[in-house]
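A.B. asks: My structure is stored as target.tsv, with TSV, C-alpha atoms.
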```
chain	number	residue	atom	x	y	z
A	91	MET	CA	-33.43	-27.04	37.20
A	92	SER	CA	-31.08	-24.15	38.04
A	93	SER	CA	-31.63	-20.70	36.55
A	94	ALA	CA	-28.47	-20.92	34.46
A	95	SER	CA	-29.70	-24.11	32.75
A	96	ARG	CA	-33.15	-22.79	31.87
A	97	PRO	CA	-33.81	-22.28	28.13
A	98	GLY	CA	-32.90	-18.78	27.05
A	99	PHE	CA	-31.23	-17.75	30.30
A	100	PRO	CA	-27.67	-17.26	28.95
A	101	ALA	CA	-28.86	-15.18	25.99
A	102	LEU	CA	-31.18	-13.19	28.27
A	103	THR	CA	-28.30	-12.45	30.64
A	104	ILE	CA	-26.00	-11.33	27.83
A	105	GLY	CA	-28.65	-9.04	26.36
A	106	CYS	CA	-29.60	-7.46	29.69
A	107	VAL	CA	-25.98	-6.95	30.79
A	108	THR	CA	-25.08	-5.36	27.45
A	109	LEU	CA	-27.96	-2.87	27.68
A	110	ALA	CA	-27.20	-2.18	31.35
A	111	ASP	CA	-23.56	-1.44	30.53
A	112	ALA	CA	-24.59	0.98	27.77
A	113	LEU	CA	-27.03	2.79	30.09
A	114	ALA	CA	-24.42	2.97	32.86
A	115	ALA	CA	-21.85	4.43	30.45
A	116	ARG	CA	-24.42	6.96	29.26
A	117	TRP	CA	-25.05	8.04	32.85
A	118	LEU	CA	-21.39	8.20	33.90
A	119	LEU	CA	-19.81	9.69	30.79
A	120	ARG	CA	-20.15	12.81	28.69
A	121	ALA	CA	-17.96	14.16	25.91
A	122	ASP	CA	-17.21	17.24	23.85
A	123	GLU	CA	-14.75	17.81	21.01
A	124	GLU	CA	-11.84	17.95	23.46
A	125	HIS	CA	-12.43	15.52	26.34
A	126	VAL	CA	-14.37	12.62	27.78
A	127	PHE	CA	-15.82	13.47	31.19
A	128	VAL	CA	-16.44	10.97	34.00
A	129	LEU	CA	-19.01	12.41	36.40
A	130	GLY	CA	-18.06	15.86	35.19
A	131	ARG	CA	-14.28	15.40	35.48
A	132	PRO	CA	-12.27	15.42	32.23
A	133	ILE	CA	-9.99	12.52	31.38
A	134	GLU	CA	-6.65	13.90	30.21
A	135	TRP	CA	-5.84	11.51	27.38
A	136	VAL	CA	-3.24	12.64	24.88
A	137	CYS	CA	-2.51	10.81	21.63
A	138	ALA	CA	1.27	10.53	21.32
A	139	LEU	CA	1.14	10.39	17.52
A	140	ARG	CA	-1.08	13.47	17.19
A	141	SER	CA	0.75	15.54	19.82
A	142	ARG	CA	4.15	14.70	18.30
A	143	PHE	CA	3.39	14.80	14.58
A	144	GLY	CA	-0.07	16.37	14.32
A	145	LEU	CA	-1.43	13.19	12.70
A	146	PRO	CA	-4.30	11.07	14.06
A	147	CYS	CA	-3.90	7.44	15.07
A	148	PRO	CA	-6.65	4.92	14.16
A	149	THR	CA	-8.34	5.37	17.57
A	150	CYS	CA	-8.22	9.18	17.75
A	151	GLY	CA	-11.65	10.51	18.67
A	152	LEU	CA	-13.15	7.05	19.12
A	153	SER	CA	-13.91	7.36	22.85
A	154	ARG	CA	-15.52	10.77	22.40
A	155	SER	CA	-17.50	9.53	19.41
A	156	VAL	CA	-18.85	6.51	21.31
A	157	VAL	CA	-19.87	8.63	24.30
A	158	MET	CA	-21.58	11.18	22.05
A	159	SER	CA	-23.44	8.34	20.33
A	160	LEU	CA	-24.62	6.99	23.67
A	161	HIS	CA	-26.21	10.41	24.24
A	162	GLY	CA	-27.86	10.39	20.82
A	163	GLU	CA	-25.53	12.99	19.31
A	164	PHE	CA	-24.90	10.96	16.17
A	165	ALA	CA	-24.03	13.87	13.86
A	166	ARG	CA	-21.32	15.20	16.19
A	167	ALA	CA	-20.10	11.66	16.83
A	168	TRP	CA	-19.84	10.93	13.10
A	169	GLN	CA	-17.70	14.04	12.57
A	170	MET	CA	-15.44	13.02	15.46
A	171	ALA	CA	-15.01	9.38	14.35
A	172	PRO	CA	-17.53	7.66	12.05
A	173	VAL	CA	-17.06	4.26	13.66
A	174	GLY	CA	-18.42	5.52	17.01
A	175	PRO	CA	-22.11	5.58	15.98
A	176	VAL	CA	-21.62	2.31	14.10
A	177	ALA	CA	-20.23	0.67	17.24
A	178	VAL	CA	-23.09	1.88	19.46
A	179	ILE	CA	-25.79	0.88	16.97
A	180	GLY	CA	-24.15	-2.53	16.61
A	181	LEU	CA	-24.01	-2.95	20.38
A	182	VAL	CA	-27.71	-2.17	20.79
A	183	ALA	CA	-28.61	-4.44	17.86
A	184	PHE	CA	-26.59	-7.27	19.43
A	185	ALA	CA	-28.41	-6.86	22.76
A	186	ILE	CA	-31.81	-6.90	21.05
A	187	ALA	CA	-30.82	-10.00	19.05
A	188	MET	CA	-29.81	-11.77	22.28
A	189	LEU	CA	-33.13	-10.91	23.93
A	190	ALA	CA	-35.05	-12.16	20.89
A	191	LEU	CA	-33.01	-15.37	20.87
A	192	ALA	CA	-33.69	-15.84	24.57
A	193	TRP	CA	-37.44	-15.58	23.99
A	194	LEU	CA	-37.31	-18.07	21.10
A	195	GLN	CA	-35.29	-20.54	23.19
A	196	TRP	CA	-37.79	-20.23	26.03
A	197	ALA	CA	-40.76	-20.56	23.68
A	198	SER	CA	-39.34	-23.65	21.97
A	199	GLN	CA	-39.38	-25.50	25.32
A	200	SER	CA	-42.32	-23.95	27.13
A	201	VAL	CA	-45.27	-23.49	24.78
A	202	PRO	CA	-47.39	-26.04	22.87
A	203	GLN	CA	-46.25	-24.56	19.55
A	204	GLY	CA	-42.66	-25.21	20.55
A	205	VAL	CA	-41.85	-26.92	17.24
A	206	ASP	CA	-42.43	-23.67	15.31
A	207	ALA	CA	-40.47	-21.71	17.91
A	208	ALA	CA	-37.58	-24.16	17.60
A	209	ARG	CA	-37.56	-23.66	13.84
A	210	TRP	CA	-37.53	-19.89	14.34
A	211	GLU	CA	-34.71	-20.26	16.87
A	212	ALA	CA	-32.56	-22.20	14.40
A	213	GLY	CA	-33.19	-19.55	11.74
A	214	ALA	CA	-32.42	-16.76	14.19
A	215	ARG	CA	-29.06	-18.32	15.04
A	216	VAL	CA	-28.12	-18.41	11.36
A	217	TRP	CA	-29.18	-14.81	10.77
A	218	ILE	CA	-27.36	-13.61	13.87
A	219	ARG	CA	-24.13	-15.21	12.64
A	220	LYS	CA	-24.55	-13.77	9.14
A	221	GLY	CA	-25.49	-10.36	10.50
A	222	ALA	CA	-22.51	-10.32	12.84
A	223	ALA	CA	-20.12	-11.15	9.98
A	224	ILE	CA	-21.60	-8.47	7.70
A	225	TYR	CA	-21.54	-5.93	10.52
A	226	ALA	CA	-17.91	-6.70	11.38
A	227	VAL	CA	-16.81	-6.12	7.78
A	228	GLY	CA	-18.87	-2.92	7.48
A	229	ALA	CA	-17.62	-1.54	10.79
A	230	LEU	CA	-14.02	-2.26	9.80
A	231	VAL	CA	-14.48	-0.42	6.49
A	232	VAL	CA	-16.08	2.59	8.22
A	233	TRP	CA	-13.37	2.65	10.90
A	234	LEU	CA	-10.40	2.48	8.55
A	235	GLY	CA	-12.09	4.73	5.99
A	236	GLY	CA	-12.83	7.42	8.58
A	237	TRP	CA	-9.28	7.26	9.87
A	238	ALA	CA	-7.85	7.49	6.36
A	239	VAL	CA	-9.90	10.63	5.65
A	240	SER	CA	-8.78	12.25	8.93
A	241	PHE	CA	-5.18	11.26	8.30
A	242	GLN	CA	-5.26	12.67	4.78
A	243	ALA	CA	-6.82	15.93	6.00
A	244	ALA	CA	-4.09	16.34	8.65
A	245	MET	CA	-1.22	15.32	6.39
A	246	PRO	CA	1.06	18.29	5.63
A	247	LEU	CA	1.75	18.61	1.92
A	248	GLY	CA	5.46	19.29	1.59
A	249	GLY	CA	5.78	20.96	4.99
A	250	PRO	CA	4.69	24.49	5.92
A	251	VAL	CA	3.75	26.50	2.87
A	252	ALA	CA	3.08	30.22	2.99
A	253	GLY	CA	-0.62	30.86	2.68
A	254	GLN	CA	-1.55	27.18	3.01
A	255	VAL	CA	-4.86	26.80	4.83
A	256	LYS	CA	-5.43	23.69	6.91
A	257	PRO	CA	-8.86	22.04	7.10
A	258	ALA	CA	-11.17	23.65	9.66
A	259	SER	CA	-11.40	20.38	11.58
A	260	PHE	CA	-7.60	20.05	11.96
A	261	ASN	CA	-6.94	22.33	14.93
A	262	ARG	CA	-10.28	21.49	16.52
A	263	ARG	CA	-9.35	17.82	16.74
A	264	LEU	CA	-5.90	18.45	18.18
A	265	PRO	CA	-5.49	18.26	21.96
A	266	PRO	CA	-4.25	21.47	23.64
A	267	GLU	CA	-0.63	20.28	23.53
A	268	GLY	CA	-0.92	19.49	19.85
A	269	ARG	CA	-2.49	22.88	19.04
A	270	ALA	CA	0.32	24.69	20.87
A	271	LEU	CA	2.92	22.68	18.95
A	272	GLU	CA	1.18	23.39	15.66
A	273	ALA	CA	1.01	27.12	16.45
A	274	ALA	CA	4.75	27.12	17.21
A	275	ARG	CA	5.49	25.34	13.94
A	276	ASP	CA	3.35	27.81	11.98
A	277	LYS	CA	5.14	30.71	13.65
A	278	ALA	CA	8.52	29.20	12.82
A	279	GLY	CA	7.42	28.72	9.23
A	280	ARG	CA	6.59	32.43	9.02
A	281	GLY	CA	9.96	33.51	10.44
A	282	PRO	CA	11.81	36.69	9.48
A	283	GLY	CA	11.35	37.46	5.85
A	284	ASN	CA	8.45	35.02	5.53
A	285	GLY	CA	5.54	37.37	5.92
A	286	PRO	CA	2.04	36.71	4.64
A	287	PRO	CA	1.77	36.05	0.92
A	288	ALA	CA	0.88	38.86	-1.46
A	289	ARG	CA	-2.76	39.01	-2.36
```
Could you take the file, read its structure, and then write that structure out as structure tokens?
C.D. replies:
Amino acid sequence: MSSASRPGFPALTIGCVTLADALAARWLLRADEEHVFVLGRPIEWVCALRSRFGLPCPTCGLSRSVVMSLHGEFARAWQMAPVGPVAVIGLVAFAIAMLALAWLQWASQSVPQGVDAARWEAGARVWIRKGAAIYAVGALVVWLGGWAVSFQAAMPLGGPVAGQVKPASFNRRLPPEGRALEAARDKAGRGPGNGPPAR
């Protein structure tokens, strides 16, 4: 019998490869509020929507959030993009489920109590499918909900208004090009005769 045809081998391989990929990404990548770093070198990604209009796209901050989550910085990751921690937790849960399924498949064929193990294996398959469906819906809600909140926070209300204060997270989430553009727009909005509002 080849290794690939042994009970539990496919699930074991999937679980181990998933965990290995997560550990490799944790070792290779780091992130702050501005960049993702590969072996210490920043990746210069610029969101066209944010740099042009100052508004986030659905994937803005996702890479940084995932990398932060891989390093256990869940609070920072949640502020960057809530779906990042959800994605990493789901990935780890999936790998653990695959390893558990692999053990049940091996036990159902290899131990005297294999009948009980086979029953547990069938139940595990059902729960994995149900859990995956529930997780997918929850992750989608968190992803779109987080993006909607960020989009609403960055949305200008009627254009530049004298004395209008943007959310503290707005300029921090903009890339350097976007911050420069926003500063130029603010300056233009406060042109001659448009000084600071009276207090």
A.B. asks: Of the residues A:Ala185, A:Leu109, A:Leu234, A:Ala192, which is the one nearest to Thr149 of chain A, using all atoms listed in the file?
C.D. replies: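 Smallest separation from Thr149 of chain A among the options: A:Leu234.
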A.B. asks: What separation in Å, quoted to one decimal, exists between atom CA of Phe184 of chain A and atom CA of Gly105 of chain A?
C.D. replies: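 Separating atom CA of Phe184 of chain A from atom CA of Gly105 of chain A is a distance of 7.4 Å.
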A.B. asks: With all atoms listed in the file as the atoms that count, which of A:Ala167, A:Val136, A:Ile104, A:Ala244 lies nearest to Asp122 of chain A?
C.D. replies: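 Nearest to Asp122 of chain A: A:Ala167.
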A.B. asks: I'd like to know which of A:Ala197, A:Val216, A:Ala223, A:Ala121 is closest to Glu163 of chain A, using only C-alpha atoms.
C.D. replies: A:Ala121
A.B. asks: Between A:Ile218, A:Ala243, A:Leu194, A:Leu189, single out the one closest to Cys106 of chain A, counting all atoms listed in the file.
C.D. replies: A:Leu189
A.B. asks: Could you name the residues that touch Phe127 of chain A at 12 Å or less, counting all atoms listed in the file, but leaving out those on the same chain fewer than 3 positions away, as JSON, numbers by chain?
C.D. replies: {"A": [115, 116, 117, 118, 119, 120, 121, 122, 123, 124, 130, 131, 132, 133, 134, 135, 153, 154, 157, 158]}
A.B. asks: Quick one: pull the distance between atom CA of Gln199 of chain A and atom CA of Ala212 of chain A, Å, one decimal.
C.D. replies: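 Between atom CA of Gln199 of chain A and atom CA of Ala212 of chain A the gap is 13.3 Å.
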A.B. asks: For a test of reading the model, state the distance in Å between atom CA of His125 of chain A and atom CA of Val231 of chain A, rounded to one decimal.
C.D. replies: 25.5 Å
A.B. asks: Which residue out of A:Val227, A:Pro172, A:Ala190, A:Gly98 has the minimum interatomic distance to Pro148 of chain A when only C-alpha atoms are used?
C.D. replies: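 Using only C-alpha atoms, Pro148 of chain A sits closest to A:Pro172.
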A.B. asks: For Leu102 of chain A, find every residue with an atom within 10 Å (counting only C-alpha atoms), except residues of its own chain fewer than 5 positions away, and show them as a VMD selection string.
C.D. replies: chain A and resid 97 107 to 108 185 to 193 195 to 196
A.B. asks: Keeping only C-alpha atoms, take the residues you just selected and write them out as a PDB file, in the frame of the given file.
C.D. replies:
```
ATOM      1  CA  PRO A  97     -33.810 -22.280  28.130  1.00  0.00           C
ATOM      2  CA  VAL A 107     -25.980  -6.950  30.790  1.00  0.00           C
ATOM      3  CA  THR A 108     -25.080  -5.360  27.450  1.00  0.00           C
ATOM      4  CA  ALA A 185     -28.410  -6.860  22.760  1.00  0.00           C
ATOM      5  CA  ILE A 186     -31.810  -6.900  21.050  1.00  0.00           C
ATOM      6  CA  ALA A 187     -30.820 -10.000  19.050  1.00  0.00           C
ATOM      7  CA  MET A 188     -29.810 -11.770  22.280  1.00  0.00           C
ATOM      8  CA  LEU A 189     -33.130 -10.910  23.930  1.00  0.00           C
ATOM      9  CA  ALA A 190     -35.050 -12.160  20.890  1.00  0.00           C
ATOM     10  CA  LEU A 191     -33.010 -15.370  20.870  1.00  0.00           C
ATOM     11  CA  ALA A 192     -33.690 -15.840  24.570  1.00  0.00           C
ATOM     12  CA  TRP A 193     -37.440 -15.580  23.990  1.00  0.00           C
ATOM     13  CA  GLN A 195     -35.290 -20.540  23.190  1.00  0.00           C
ATOM     14  CA  TRP A 196     -37.790 -20.230  26.030  1.00  0.00           C
TER      15      TRP A 196
END
```
A.B. asks: Skip Ala229 of chain A itself and residues of its chain fewer than 5 positions away, then list as an MDAnalysis selection string all residues within 10 Å of it, counting only C-alpha atoms.
C.D. replies: chainID A and resid 172:177 180 223:224 234:235
A.B. asks: I'd like to know which of A:Val232, A:Ala138, A:Ala101, A:Ala238 is closest to Arg215 of chain A, using only C-alpha atoms.
C.D. replies: A:Ala101
